[in-house]
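Enquirer: This is query.cif (mmCIF, C-alpha atoms and all ligand atoms).
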```
data_protein
#
loop_
_atom_site.label_atom_id
_atom_site.label_comp_id
_atom_site.auth_asym_id
_atom_site.auth_seq_id
_atom_site.Cartn_x
_atom_site.Cartn_y
_atom_site.Cartn_z
CA MET A 152 0.00 0.00 0.00
CA PHE A 153 1.06 3.58 -0.57
CA LYS A 154 2.62 5.35 2.38
CA THR A 155 0.97 8.62 1.38
CA LEU A 156 -2.04 9.59 -0.71
CA GLY A 157 -3.08 13.06 -1.85
CA ILE A 158 -6.61 14.15 -2.70
CA LEU A 159 -6.95 17.29 -4.78
CA GLY A 160 -10.49 18.64 -4.40
CA THR A 161 -12.47 17.84 -1.27
CA GLY A 162 -15.99 18.28 -2.62
CA ASN A 163 -18.65 15.57 -2.77
CA MET A 164 -16.50 12.81 -4.23
CA GLY A 165 -13.10 13.73 -2.75
CA ARG A 166 -14.74 13.86 0.66
CA ALA A 167 -16.50 10.50 0.14
CA ILE A 168 -13.22 8.83 -0.89
CA ALA A 169 -11.18 10.30 1.97
CA SER A 170 -13.86 9.39 4.52
CA GLY A 171 -14.38 5.87 3.17
CA LEU A 172 -10.65 5.18 3.00
CA VAL A 173 -9.73 6.41 6.48
CA ARG A 174 -12.81 4.84 8.11
CA SER A 175 -11.90 1.50 6.52
CA GLY A 176 -8.54 1.61 8.32
CA LEU A 177 -6.59 0.82 5.12
CA MET A 178 -4.72 4.10 5.56
CA GLN A 179 -4.33 6.23 8.66
CA GLY A 180 -5.59 9.82 8.55
CA ASN A 181 -2.03 11.13 8.85
CA GLN A 182 -1.11 9.36 5.59
CA VAL A 183 -3.80 11.26 3.66
CA TYR A 184 -3.10 14.79 2.37
CA LEU A 185 -5.94 17.08 1.33
CA TYR A 186 -5.89 20.18 -0.84
CA ASN A 187 -8.90 22.28 -1.80
CA LEU A 188 -9.21 25.66 -3.45
CA HIS A 189 -11.07 27.01 -0.42
CA PRO A 190 -8.90 25.69 2.41
CA GLU A 191 -11.59 25.75 5.11
CA LYS A 192 -13.38 22.90 3.34
CA ALA A 193 -10.24 20.72 3.33
CA GLN A 194 -9.52 21.74 6.93
CA ARG A 195 -12.97 20.62 8.14
CA LEU A 196 -12.48 17.22 6.50
CA ALA A 197 -8.91 16.96 7.82
CA ASP A 198 -10.19 17.66 11.34
CA GLU A 199 -12.91 15.01 10.99
CA LEU A 200 -10.53 12.31 9.76
CA GLY A 201 -7.23 13.23 11.40
CA ALA A 202 -5.91 13.87 7.88
CA VAL A 203 -3.43 16.56 6.84
CA ARG A 204 -4.46 19.71 4.97
CA VAL A 205 -1.77 21.16 2.73
CA ASP A 206 -1.48 24.71 1.45
CA SER A 207 -0.95 24.18 -2.27
CA ALA A 208 -1.25 21.72 -5.13
CA LYS A 209 2.57 21.78 -5.32
CA GLU A 210 2.88 20.65 -1.69
CA LEU A 211 0.22 17.95 -2.25
CA LEU A 212 2.15 16.53 -5.21
CA GLU A 213 5.47 16.70 -3.37
CA ARG A 214 4.18 14.87 -0.29
CA SER A 215 2.04 12.16 -1.96
CA GLU A 216 3.08 8.91 -3.67
CA ALA A 217 -0.27 8.80 -5.44
CA VAL A 218 -2.72 11.65 -6.05
CA ILE A 219 -6.46 11.48 -6.70
CA LEU A 220 -7.69 14.39 -8.84
CA ALA A 221 -11.26 15.09 -7.70
CA VAL A 222 -12.25 18.36 -9.34
CA LYS A 223 -15.00 18.95 -11.93
CA PRO A 224 -14.08 18.02 -15.51
CA PHE A 225 -14.09 21.65 -16.71
CA ILE A 226 -11.66 22.59 -13.90
CA MET A 227 -9.22 19.79 -14.79
CA PRO A 228 -7.33 21.47 -17.66
CA GLY A 229 -6.31 24.38 -15.42
CA VAL A 230 -5.39 22.05 -12.55
CA LEU A 231 -3.32 19.80 -14.83
CA GLU A 232 -1.45 22.81 -16.20
CA GLU A 233 -0.71 23.96 -12.65
CA ILE A 234 0.51 20.58 -11.36
CA LYS A 235 2.38 19.32 -14.45
CA PRO A 236 5.78 20.59 -13.23
CA TYR A 237 5.36 18.59 -9.99
CA ILE A 238 4.38 15.26 -11.55
CA THR A 239 7.72 13.59 -11.00
CA SER A 240 8.73 10.22 -12.40
CA GLY A 241 6.97 7.31 -10.69
CA LYS A 242 4.12 9.34 -9.22
CA ILE A 243 0.71 7.75 -9.69
CA MET A 244 -2.00 10.09 -10.92
CA VAL A 245 -5.62 8.97 -10.47
CA SER A 246 -8.41 10.93 -12.16
CA ILE A 247 -12.04 10.44 -11.21
CA ALA A 248 -13.30 13.13 -13.61
CA ALA A 249 -16.23 12.14 -15.80
CA GLY A 250 -15.45 12.16 -19.50
CA LEU A 251 -11.68 12.64 -19.33
CA THR A 252 -10.05 9.76 -21.19
CA LEU A 253 -6.63 8.29 -20.43
CA SER A 254 -5.30 9.76 -23.67
CA ARG A 255 -6.55 13.27 -22.84
CA LEU A 256 -5.07 12.97 -19.35
CA ALA A 257 -1.75 11.72 -20.76
CA ALA A 258 -1.58 14.66 -23.17
CA ALA A 259 -1.63 17.02 -20.18
CA MET A 260 1.01 15.18 -18.11
CA PRO A 261 4.72 14.43 -18.56
CA GLU A 262 5.54 11.49 -20.84
CA GLN A 263 5.26 8.04 -19.25
CA THR A 264 3.24 9.27 -16.26
CA LYS A 265 1.44 6.42 -14.50
CA ILE A 266 -2.25 7.26 -14.95
CA VAL A 267 -5.42 5.65 -13.62
CA ARG A 268 -8.92 6.62 -14.67
CA VAL A 269 -11.64 5.73 -12.18
CA MET A 270 -15.41 6.15 -12.05
CA PRO A 271 -16.43 5.88 -8.37
CA ASN A 272 -19.69 6.85 -6.67
CA THR A 273 -20.66 8.74 -3.52
CA PRO A 274 -21.74 5.73 -1.39
CA ALA A 275 -17.96 5.31 -0.92
CA MET A 276 -18.66 7.60 2.03
CA VAL A 277 -20.41 4.75 3.91
CA GLY A 278 -18.23 1.91 2.65
CA GLU A 279 -20.65 0.84 -0.10
CA GLY A 280 -19.08 2.44 -3.16
CA MET A 281 -18.95 0.92 -6.65
CA SER A 282 -15.92 1.89 -8.72
CA ALA A 283 -14.51 0.93 -12.11
CA LEU A 284 -10.80 1.44 -12.83
CA THR A 285 -8.72 1.47 -15.97
CA PHE A 286 -4.94 1.90 -16.17
CA ASN A 287 -2.43 3.10 -18.72
CA THR A 288 0.55 0.90 -19.52
CA TYR A 289 3.10 2.38 -17.12
CA LEU A 290 1.88 0.98 -13.79
CA THR A 291 3.40 -2.19 -12.35
CA GLU A 292 1.10 -4.99 -11.18
CA ALA A 293 1.87 -4.07 -7.55
CA GLU A 294 0.95 -0.45 -8.20
CA LYS A 295 -2.31 -1.47 -9.87
CA GLU A 296 -3.14 -3.67 -6.88
CA ALA A 297 -2.45 -0.81 -4.49
CA VAL A 298 -4.81 1.51 -6.38
CA VAL A 299 -7.52 -1.16 -6.57
CA ALA A 300 -7.11 -1.76 -2.82
CA ILE A 301 -7.85 1.91 -2.14
CA PHE A 302 -11.15 1.72 -4.03
CA ARG A 303 -11.99 -1.70 -2.52
CA SER A 304 -11.47 -0.28 0.98
CA PHE A 305 -14.81 1.54 0.65
CA GLY A 306 -16.87 -0.80 -1.50
CA LYS A 307 -16.61 -2.91 -4.61
CA ALA A 308 -14.14 -2.09 -7.38
CA GLU A 309 -13.52 -3.73 -10.74
CA VAL A 310 -10.84 -3.22 -13.39
CA VAL A 311 -12.56 -2.66 -16.75
CA GLU A 312 -11.65 -1.80 -20.32
CA GLU A 313 -11.75 1.95 -20.81
CA ARG A 314 -14.60 1.67 -23.33
CA LEU A 315 -16.90 0.60 -20.44
CA ILE A 316 -16.29 3.68 -18.30
CA ASP A 317 -19.11 5.63 -20.00
CA ALA A 318 -21.59 2.86 -19.19
CA VAL A 319 -20.30 2.70 -15.61
CA CYS A 320 -20.77 6.46 -15.31
CA GLY A 321 -24.41 6.12 -16.36
CA LEU A 322 -25.14 3.12 -14.15
CA SER A 323 -23.22 3.37 -10.88
CA GLY A 324 -21.67 6.86 -11.13
CA SER A 325 -24.96 8.67 -11.65
CA GLY A 326 -27.13 5.83 -10.33
CA PRO A 327 -27.22 6.90 -6.68
CA ALA A 328 -29.09 10.06 -7.76
CA PHE A 329 -31.77 7.95 -9.47
CA VAL A 330 -32.08 5.74 -6.40
CA TYR A 331 -32.45 8.76 -4.10
CA MET A 332 -35.24 10.02 -6.35
CA PHE A 333 -36.89 6.60 -6.13
CA ILE A 334 -36.56 6.57 -2.34
CA GLU A 335 -37.97 10.09 -2.15
CA ALA A 336 -40.92 9.12 -4.34
CA LEU A 337 -41.64 5.94 -2.31
CA ALA A 338 -41.52 7.99 0.89
CA ASP A 339 -43.76 10.73 -0.56
CA ALA A 340 -46.32 8.07 -1.34
CA GLY A 341 -45.97 6.67 2.19
CA VAL A 342 -46.65 10.16 3.54
CA ARG A 343 -49.64 10.44 1.17
CA GLU A 344 -50.95 7.26 2.75
CA GLY A 345 -50.50 8.61 6.29
CA MET A 346 -46.91 7.75 7.37
CA PHE A 347 -44.78 10.33 9.14
CA ARG A 348 -41.83 11.43 7.00
CA PRO A 349 -38.92 10.00 9.05
CA MET A 350 -40.69 6.66 9.19
CA ALA A 351 -41.39 6.80 5.44
CA TYR A 352 -37.68 7.47 4.61
CA THR A 353 -36.57 4.59 6.84
CA PHE A 354 -39.05 2.18 5.26
CA ALA A 355 -38.18 3.32 1.73
CA ALA A 356 -34.39 3.22 2.18
CA GLN A 357 -34.38 -0.10 4.05
CA THR A 358 -36.55 -1.60 1.30
CA VAL A 359 -34.04 -0.52 -1.37
CA LEU A 360 -31.11 -1.74 0.75
CA GLY A 361 -32.78 -5.10 1.44
CA ALA A 362 -33.75 -5.66 -2.19
CA ALA A 363 -30.22 -4.76 -3.35
CA LYS A 364 -28.72 -7.22 -0.84
CA MET A 365 -31.08 -9.95 -2.07
CA VAL A 366 -29.76 -9.49 -5.61
CA LEU A 367 -26.12 -9.49 -4.50
CA GLU A 368 -26.31 -12.28 -1.92
CA THR A 369 -28.78 -14.80 -3.38
CA GLY A 370 -27.44 -14.62 -6.93
CA GLU A 371 -31.06 -15.01 -8.10
CA HIS A 372 -32.29 -13.24 -11.23
CA PRO A 373 -33.99 -9.94 -10.26
CA GLY A 374 -37.09 -11.07 -12.20
CA LYS A 375 -37.39 -14.20 -10.02
CA LEU A 376 -37.03 -12.10 -6.85
CA LYS A 377 -39.75 -9.77 -8.20
CA ASP A 378 -42.01 -12.72 -8.94
CA ASP A 379 -41.57 -13.96 -5.35
CA VAL A 380 -43.18 -10.73 -4.10
CA CYS A 381 -46.13 -10.83 -6.49
CA SER A 382 -48.92 -13.00 -5.05
CA PRO A 383 -51.42 -14.16 -7.70
CA GLY A 384 -54.32 -11.71 -7.69
CA GLY A 385 -52.53 -9.76 -4.94
CA THR A 386 -51.48 -6.18 -4.30
CA THR A 387 -47.97 -6.13 -5.82
CA ILE A 388 -48.90 -7.29 -9.29
CA GLU A 389 -51.36 -4.38 -9.47
CA ALA A 390 -48.46 -2.02 -8.69
CA VAL A 391 -46.16 -3.77 -11.18
CA LYS A 392 -48.80 -3.28 -13.90
CA SER A 393 -49.02 0.40 -12.97
CA LEU A 394 -45.22 0.80 -13.20
CA GLU A 395 -45.17 -0.91 -16.60
CA GLU A 396 -48.02 1.31 -17.87
CA ASN A 397 -46.08 4.38 -16.75
CA GLY A 398 -42.87 3.41 -18.54
CA PHE A 399 -40.86 2.74 -15.38
CA ARG A 400 -38.30 0.41 -16.98
CA ALA A 401 -37.83 2.60 -20.05
CA ALA A 402 -37.39 5.66 -17.84
CA ALA A 403 -34.71 3.88 -15.76
CA MET A 404 -32.91 2.60 -18.88
CA ASN A 405 -32.99 6.01 -20.53
CA ALA A 406 -31.56 7.65 -17.41
CA VAL A 407 -28.48 5.40 -17.56
CA ILE A 408 -28.13 5.80 -21.32
CA VAL A 409 -28.31 9.62 -21.39
CA SER A 410 -25.77 9.86 -18.57
CA ALA A 411 -23.42 7.48 -20.44
CA GLU A 412 -23.88 9.49 -23.66
CA LYS A 413 -23.23 12.78 -21.87
CA ASN A 414 -20.03 11.31 -20.41
CA LYS A 415 -18.72 10.88 -23.98
CA THR A 416 -19.15 14.61 -24.65
CA LEU A 417 -17.52 16.17 -21.57
N1 LIG A 501 -20.30 13.59 -7.39
C1 LIG A 501 -20.33 12.36 -7.85
O1 LIG A 501 -21.26 11.58 -7.55
C2 LIG A 501 -19.23 11.85 -8.74
C3 LIG A 501 -18.29 12.70 -9.24
N2 LIG A 501 -17.30 12.23 -10.07
C4 LIG A 501 -16.29 13.15 -10.57
O2 LIG A 501 -15.60 13.64 -9.45
C5 LIG A 501 -15.13 14.95 -9.72
C6 LIG A 501 -15.52 15.85 -8.57
O3 LIG A 501 -16.93 15.90 -8.48
P1 LIG A 501 -17.63 16.46 -7.17
O4 LIG A 501 -16.89 15.99 -5.98
O5 LIG A 501 -19.06 16.13 -7.30
O6 LIG A 501 -17.40 18.03 -7.36
P2 LIG A 501 -17.35 19.16 -6.23
O7 LIG A 501 -17.53 20.46 -6.92
O8 LIG A 501 -18.28 18.79 -5.12
O9 LIG A 501 -15.87 19.05 -5.69
C7 LIG A 501 -14.78 19.58 -6.35
C8 LIG A 501 -13.90 20.26 -5.33
O10 LIG A 501 -12.76 20.74 -6.01
C9 LIG A 501 -12.42 22.00 -5.46
N3 LIG A 501 -11.65 22.75 -6.43
C10 LIG A 501 -12.06 23.49 -7.49
N4 LIG A 501 -11.02 24.00 -8.16
C11 LIG A 501 -9.91 23.58 -7.50
C12 LIG A 501 -8.52 23.80 -7.70
N5 LIG A 501 -8.06 24.51 -8.71
N6 LIG A 501 -7.67 23.23 -6.80
C13 LIG A 501 -8.14 22.51 -5.76
N7 LIG A 501 -9.44 22.28 -5.53
C14 LIG A 501 -10.31 22.81 -6.39
C15 LIG A 501 -13.76 22.64 -5.14
O11 LIG A 501 -13.52 23.61 -4.15
P3 LIG A 501 -14.55 24.77 -3.74
O12 LIG A 501 -15.89 24.15 -3.56
O13 LIG A 501 -13.97 25.29 -2.51
O14 LIG A 501 -14.53 25.75 -4.90
C16 LIG A 501 -14.56 21.45 -4.63
O15 LIG A 501 -14.43 21.28 -3.25
C17 LIG A 501 -15.74 15.37 -11.04
O16 LIG A 501 -14.76 15.35 -12.04
C18 LIG A 501 -16.82 14.37 -11.30
O17 LIG A 501 -16.96 14.10 -12.68
C19 LIG A 501 -17.20 10.91 -10.39
C20 LIG A 501 -18.10 10.03 -9.92
C21 LIG A 501 -19.21 10.41 -9.06
O1 LIG A 502 -22.84 14.12 -12.72
C1 LIG A 502 -21.66 13.93 -12.99
O2 LIG A 502 -21.14 14.45 -14.01
C2 LIG A 502 -20.81 13.07 -12.09
C3 LIG A 502 -20.28 11.87 -12.79
C4 LIG A 502 -21.03 10.69 -12.24
C5 LIG A 502 -21.76 11.23 -11.11
N1 LIG A 502 -21.60 12.51 -11.02
#
```
Could I get this structure in the form of structure tokens?
Ligand SMILES: NC(=O)C1=CN([C@@H]2O[C@H](COP(=O)(O)OP(=O)(O)OC[C@H]3O[C@@H](n4cnc5c(N)ncnc54)[C@H](OP(=O)(O)O)[C@@H]3O)[C@@H](O)[C@H]2O)C=CC1
Ligand SMILES: O=C(O)[C@@H]1CCC=N1
Expert:
Amino acid sequence: MFKTLGILGTGNMGRAIASGLVRSGLMQGNQVYLYNLHPEKAQRLADELGAVRVDSAKELLERSEAVILAVKPFIMPGVLEEIKPYITSGKIMVSIAAGLTLSRLAAAMPEQTKIVRVMPNTPAMVGEGMSALTFNTYLTEAEKEAVVAIFRSFGKAEVVEERLIDAVCGLSGSGPAFVYMFIEALADAGVREGMFRPMAYTFAAQTVLGAAKMVLETGEHPGKLKDDVCSPGGTTIEAVKSLEENGFRAAAMNAVIVSAEKNKTL
């Protein structure tokens, strides 16, 4: 494992990664360096995790064996220009920016830089992230394993071909937002039917969590698990018919597809 890791940008995703990593125990807080444009944001996170805030991108690069770049895609060109002089030989640069390909990243870094492109998601924060990683040719097997271990410390992580990163962005990168909308809608309906809001959120979220665990742990086809809930002539099949009539599956598919397509244009 790396002795030191830098995170440049401590917004939604940088924060989720730092929190997930330190809480997993894979790295100690004092091995994790944080830099953010507005330092108070990095300082708050550093205080929470026992991590180290640094004063500049230069200092972050100098103190970290590997660096995760966690700024918005449109900010990346400026950041890469700023840090290029400090990307020394052997340093591992990890980008989580949507849309930025390995070749575009390589064009902005010194020749033969070790580059990793990752698409994570925010549930990393609670140890339930889903990440896909793809590497350029300069990392050793041990270095690849160390990067994968970071992303596995706060959830599941798979190495994929770069062509699949757009699909991953649509499905698991953006997916939490769709699921939160689903949970919100379930809870709204619970409230409509008389539940108090906190109770409705708990019932909605636990239902999503439980159903997701059933898929992951039983290995059963989701259709079979759905059928198990639908009693003949019962309540659920009425609701399933209503969802089908309202284009539920097509809406969910289209959400993933438009996110994946957008990722190709960033
Ligand atoms: N959010 C998500 O669910 C996911 C995001 N991603 C990717 O992660 C990246 C970050 O997204 P997200 O965390 O949501 O974005 P945020 O805007 O929440 O976080 C970006 C952070 O970078 C800081 N920042 C901006 N410019 C600089 C700079 N020049 N130097 C240092 N820090 C800077 C911002 O600081 P300040 O706020 O103080 O200006 C902010 O805290 C994006 O590229 C996105 O595509 C990937 C997967 C999922
Ligand atoms: O919305 C975005 O662009 C980023 C990438 C995946 C999730 N959030």
Enquirer: Neighbours of ligand LIG 501 (chain A) within 6 Å, counting all atoms listed in the file, as an NGL selection string?
Expert: :A and (159-165 or 186-189 or 221-224 or 226 or 230 or 247-249 or 270-273 or 324)
Enquirer: Using only C-alpha atoms and all ligand atoms, which residue out of A:Gly306, A:Pro274, A:Gly361, A:Gly370 lies closest to ligand LIG 502 (chain A)?
Expert: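 So, comparing all the options, the nearest one is A:Pro274.
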Enquirer: What is the CA of Lys209 in chain A-CA of Ile301 in chain A distance in Å, reported with one decimal?
Expert: 22.7 Å
Enquirer: Quick one: pull the distance between CA of Ala356 in chain A and CA of Val330 in chain A, Å, one decimal.
Expert: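 About the pair CA of Ala356 in chain A and CA of Val330 in chain A: they are 9.2 Å apart.
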Enquirer: Smallest atom-to-atom distance to ligand LIG 502 (chain A): which of A:Phe286, A:Phe354, A:Phe347, A:Phe225, using only C-alpha atoms and all ligand atoms?
Expert: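 Residue with the minimum atom-to-atom distance to ligand LIG 502 (chain A): A:Phe225.
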Enquirer: Provide range 255-288 of chain A rebuilt to N, CA and C atoms, formatted as a short mmCIF file (atom, residue, chain, number, x, y, z; two decimals), in the frame of the given file.
Expert:
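Produced file selection_35.cif, reproduced below:
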```
data_model
loop_
_atom_site.label_atom_id
_atom_site.label_comp_id
_atom_site.auth_asym_id
_atom_site.auth_seq_id
_atom_site.Cartn_x
_atom_site.Cartn_y
_atom_site.Cartn_z
N ARG A 255 -6.51 11.83 -23.11
CA ARG A 255 -6.55 13.27 -22.84
C ARG A 255 -5.76 13.61 -21.57
N LEU A 256 -5.84 12.74 -20.58
CA LEU A 256 -5.07 12.97 -19.35
C LEU A 256 -3.57 12.91 -19.65
N ALA A 257 -3.18 11.89 -20.44
CA ALA A 257 -1.75 11.72 -20.76
C ALA A 257 -1.20 12.93 -21.51
N ALA A 258 -2.04 13.51 -22.38
CA ALA A 258 -1.58 14.66 -23.17
C ALA A 258 -1.26 15.86 -22.28
N ALA A 259 -1.84 15.88 -21.08
CA ALA A 259 -1.63 17.02 -20.18
C ALA A 259 -0.60 16.73 -19.10
N MET A 260 0.03 15.56 -19.15
CA MET A 260 1.01 15.18 -18.11
C MET A 260 2.35 14.85 -18.77
N PRO A 261 3.43 14.81 -17.98
CA PRO A 261 4.72 14.43 -18.56
C PRO A 261 4.65 13.04 -19.18
N GLU A 262 5.52 12.80 -20.17
CA GLU A 262 5.54 11.49 -20.84
C GLU A 262 5.76 10.38 -19.83
N GLN A 263 5.13 9.25 -20.06
CA GLN A 263 5.26 8.04 -19.25
C GLN A 263 4.74 8.18 -17.83
N THR A 264 3.88 9.19 -17.59
CA THR A 264 3.24 9.27 -16.26
C THR A 264 2.33 8.06 -16.08
N LYS A 265 2.31 7.55 -14.85
CA LYS A 265 1.44 6.42 -14.50
C LYS A 265 0.05 6.99 -14.22
N ILE A 266 -0.93 6.64 -15.06
CA ILE A 266 -2.25 7.26 -14.95
C ILE A 266 -3.34 6.20 -14.75
N VAL A 267 -4.26 6.51 -13.86
CA VAL A 267 -5.42 5.65 -13.62
C VAL A 267 -6.67 6.49 -13.80
N ARG A 268 -7.63 5.95 -14.53
CA ARG A 268 -8.92 6.62 -14.67
C ARG A 268 -9.96 5.79 -13.90
N VAL A 269 -10.68 6.45 -13.03
CA VAL A 269 -11.64 5.73 -12.18
C VAL A 269 -13.01 6.40 -12.26
N MET A 270 -14.06 5.62 -12.23
CA MET A 270 -15.41 6.15 -12.05
C MET A 270 -15.97 5.57 -10.75
N PRO A 271 -15.91 6.35 -9.67
CA PRO A 271 -16.43 5.88 -8.37
C PRO A 271 -17.87 6.36 -8.17
N ASN A 272 -18.41 6.19 -6.97
CA ASN A 272 -19.69 6.85 -6.67
C ASN A 272 -19.72 7.27 -5.19
N THR A 273 -20.68 8.13 -4.86
CA THR A 273 -20.66 8.74 -3.52
C THR A 273 -20.92 7.77 -2.36
N PRO A 274 -21.60 6.64 -2.54
CA PRO A 274 -21.74 5.73 -1.39
C PRO A 274 -20.40 5.20 -0.85
N ALA A 275 -19.30 5.55 -1.50
CA ALA A 275 -17.96 5.31 -0.92
C ALA A 275 -17.91 5.84 0.51
N MET A 276 -18.61 6.93 0.72
CA MET A 276 -18.66 7.60 2.03
C MET A 276 -19.03 6.64 3.16
N VAL A 277 -19.93 5.69 2.87
CA VAL A 277 -20.41 4.75 3.91
C VAL A 277 -19.91 3.33 3.65
N GLY A 278 -18.83 3.23 2.87
CA GLY A 278 -18.23 1.91 2.65
C GLY A 278 -18.96 1.03 1.66
N GLU A 279 -19.87 1.62 0.87
CA GLU A 279 -20.65 0.84 -0.10
C GLU A 279 -20.51 1.40 -1.52
N GLY A 280 -19.31 1.88 -1.84
CA GLY A 280 -19.08 2.44 -3.16
C GLY A 280 -19.04 1.37 -4.24
N MET A 281 -19.15 1.80 -5.48
CA MET A 281 -18.95 0.92 -6.65
C MET A 281 -18.07 1.70 -7.60
N SER A 282 -16.87 1.17 -7.87
CA SER A 282 -15.92 1.89 -8.72
C SER A 282 -15.44 0.99 -9.86
N ALA A 283 -15.17 1.62 -11.00
CA ALA A 283 -14.51 0.93 -12.11
C ALA A 283 -13.20 1.65 -12.39
N LEU A 284 -12.13 0.87 -12.61
CA LEU A 284 -10.80 1.44 -12.83
C LEU A 284 -10.23 0.97 -14.15
N THR A 285 -9.46 1.86 -14.77
CA THR A 285 -8.72 1.47 -15.97
C THR A 285 -7.35 2.16 -15.92
N PHE A 286 -6.32 1.43 -16.35
CA PHE A 286 -4.94 1.90 -16.17
C PHE A 286 -4.26 2.17 -17.51
N ASN A 287 -3.27 3.06 -17.51
CA ASN A 287 -2.43 3.10 -18.72
C ASN A 287 -1.30 2.08 -18.55
N THR A 288 -0.37 2.05 -19.48
CA THR A 288 0.55 0.90 -19.52
C THR A 288 1.73 1.02 -18.56
#
```
